[in-house]
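Peer 1: Following this message is one structure expressed as structure tokens.
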Amino acid sequence: MRFFRILSIISLLLLSGCSTMSEDETEGWTAEKFYQTAKEAMDNGDYPTAIDYFTKLEARYPYGRYAQQAQLETVYAHYKSEEPASAVAAADRFIKLHPRHPSVDYVYYLRGLATFDQGQGALTNLFPQDRAERDPASLRESFNYFKELVTRFPKSRYTPDAIKRMTELRNTLARHELVVADYYLRRGSHLAAVNRAKYVLENYQRSTAIPDALVLMVKAYRLMGIEDLANDALRVLEMNHPDHKALSELKSNKSPEKESIE
């Protein structure tokens with residue numbers, strides 16, 4: 001009997017301990033308390049904690065201004081936590097739930113920023129890499145998000161910066177095509193290199209990659225032995241970009257070498 005009594009006491013102690021451990025410190029918190037605590041975490045740069053409090057706020061108080069604001073702040077918190085997929089998902093949800101919210105243009109903007117900065121973390125500072133050499137999928141996605149902001153909210157305070165970023169993205173995407181074209185050129189796939197360069201000329205007009213696309217076409221056509229097309233590309237380059245550093249070499253009729261364009 002004494003043995004069973006001891007077991008009962010131990011069981012009660014264990015249950016008491018588990019109960020204490022499972023206590024929720026936020027029990028009884030108001031929506032305002034959740035929001036203010038989450039904002040304090042945000043101000044301190046503790047975005048995961050902020051996201052946790054915002055999530056609990058919405059779960060317990062799904063209606064009202066605090067829940068709505070928590071949804072908006074969650075988009076920013078995911079963006080600052082370098083979680084682009086979560087930021088985009090949170091932004092899409094907010095846009096769907098509150099399409100006429102006075103700050104919805106900001107959410108469109110954050111969605112573009114999340115994908116614009118994708119992959120630009122601490123390692124990028126240690127090991128710099130040209131964005132044009134990466135998978136362009138996130139760049140195209142970011143461009144489309146910014147384009148949607150500019151189209152829907154042309155007078156938004158965020159539209160001017162979105163337009164600037166779209167220009168940068170176009171230049172980067174054009175350079176990516178040239179990176180691929182140069183790869184083909186160096187491996188003897190001259191026609192594939194020409195087609196990539198043509199794609200830049202046709203789809204990224206006014207981009208900073210246009211003159212280098214023409215240089216690459218001159219080299220590729222010469223390697224293919226098509227001098228008339230090479231000369232056409234050279235004339236266009238000379239007419240529109242007379243100060244390009246590759247002009248003097250190309251005009252000297254030197255034998256082109258299989259090397260990457262600069």
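Starting from 1 in every chain, residues are counted up; chains themselves are A, B, ... following the order of the structure tokens, and ligands are numbered from 1 as listed.
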Could you pull out the helix (DSSP H, G or I) residues of region 29-243 of chain A from DSSP and send them as a ChimeraX atom specification?
Peer 2: /A:31-43,47-60,65-80,84-97,104-116,122-126,131-133,137-152,159-186,190-203,210-224,227-240
Peer 1: Between A:Tyr158, A:Tyr61, A:Phe143, A:Phe54, which residue has the minimum interatomic distance to Lys39 (chain A), considering only C-alpha atoms?
Peer 2: A:Phe54
Peer 1: Under the rule of at most 12 Å, produce a per-residue listing of region 52-168 of chain A near region 177-193 of chain A: chain, number, name, the closest pair of atoms, and the distance in Å, as a Markdown table, using only C-alpha atoms.
Peer 2:
| residue | atom | partner | partner_atom | distance |
| --- | --- | --- | --- | --- |
| A:Asp130 | CA | A:Val179 | CA | 10.3 |
| A:Arg131 | CA | A:Val179 | CA | 10.8 |
| A:Ala132 | CA | A:Val179 | CA | 7.3 |
| A:Glu133 | CA | A:Val179 | CA | 6.8 |
| A:Arg134 | CA | A:Val179 | CA | 9.9 |
| A:Asp135 | CA | A:Glu177 | CA | 11.0 |
| A:Pro136 | CA | A:Glu177 | CA | 9.6 |
Peer 1: Skipping near chain neighbours, those fewer than 4 positions away, what residues fall within 12 Å of Leu250 (chain A) using only C-alpha atoms, listed as an NGL selection string?
Peer 2: :A and (214-222 or 230-231 or 233-235 or 237-238 or 244-246 or 254-257)
Peer 1: When you draw a straight line from CA of Lys80 (chain A) to CA of Thr55 (chain A), how long is it in Å?
Peer 2: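 Pair CA of Lys80 (chain A) / CA of Thr55 (chain A) returns 16.4 Å.
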Peer 1: Please provide the set of residues having any atom within 12 Å of Phe146 (chain A), restricted to only C-alpha atoms, with same-chain residues fewer than 3 positions apart removed, written as a VMD selection string.
Peer 2: chain A and resid 105 to 116 139 to 143 149 to 154 156 158 to 170
Peer 1: Excluding Ala59 (chain A) and residues on its chain fewer than 6 positions from it, collect all residues at most 12 Å away from it, counting only C-alpha atoms, and give them as a PyMOL selection string.
Peer 2: chain A and resi 31+34+52-53+66-68+70-71
Peer 1: Which is closer to Leu173 (chain A) than all the others in A:Asn195, A:Asn144, A:Ser207, A:Ser86, using only C-alpha atoms?
Peer 2: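 Residue with the minimum atom-to-atom distance to Leu173 (chain A): A:Ser207.
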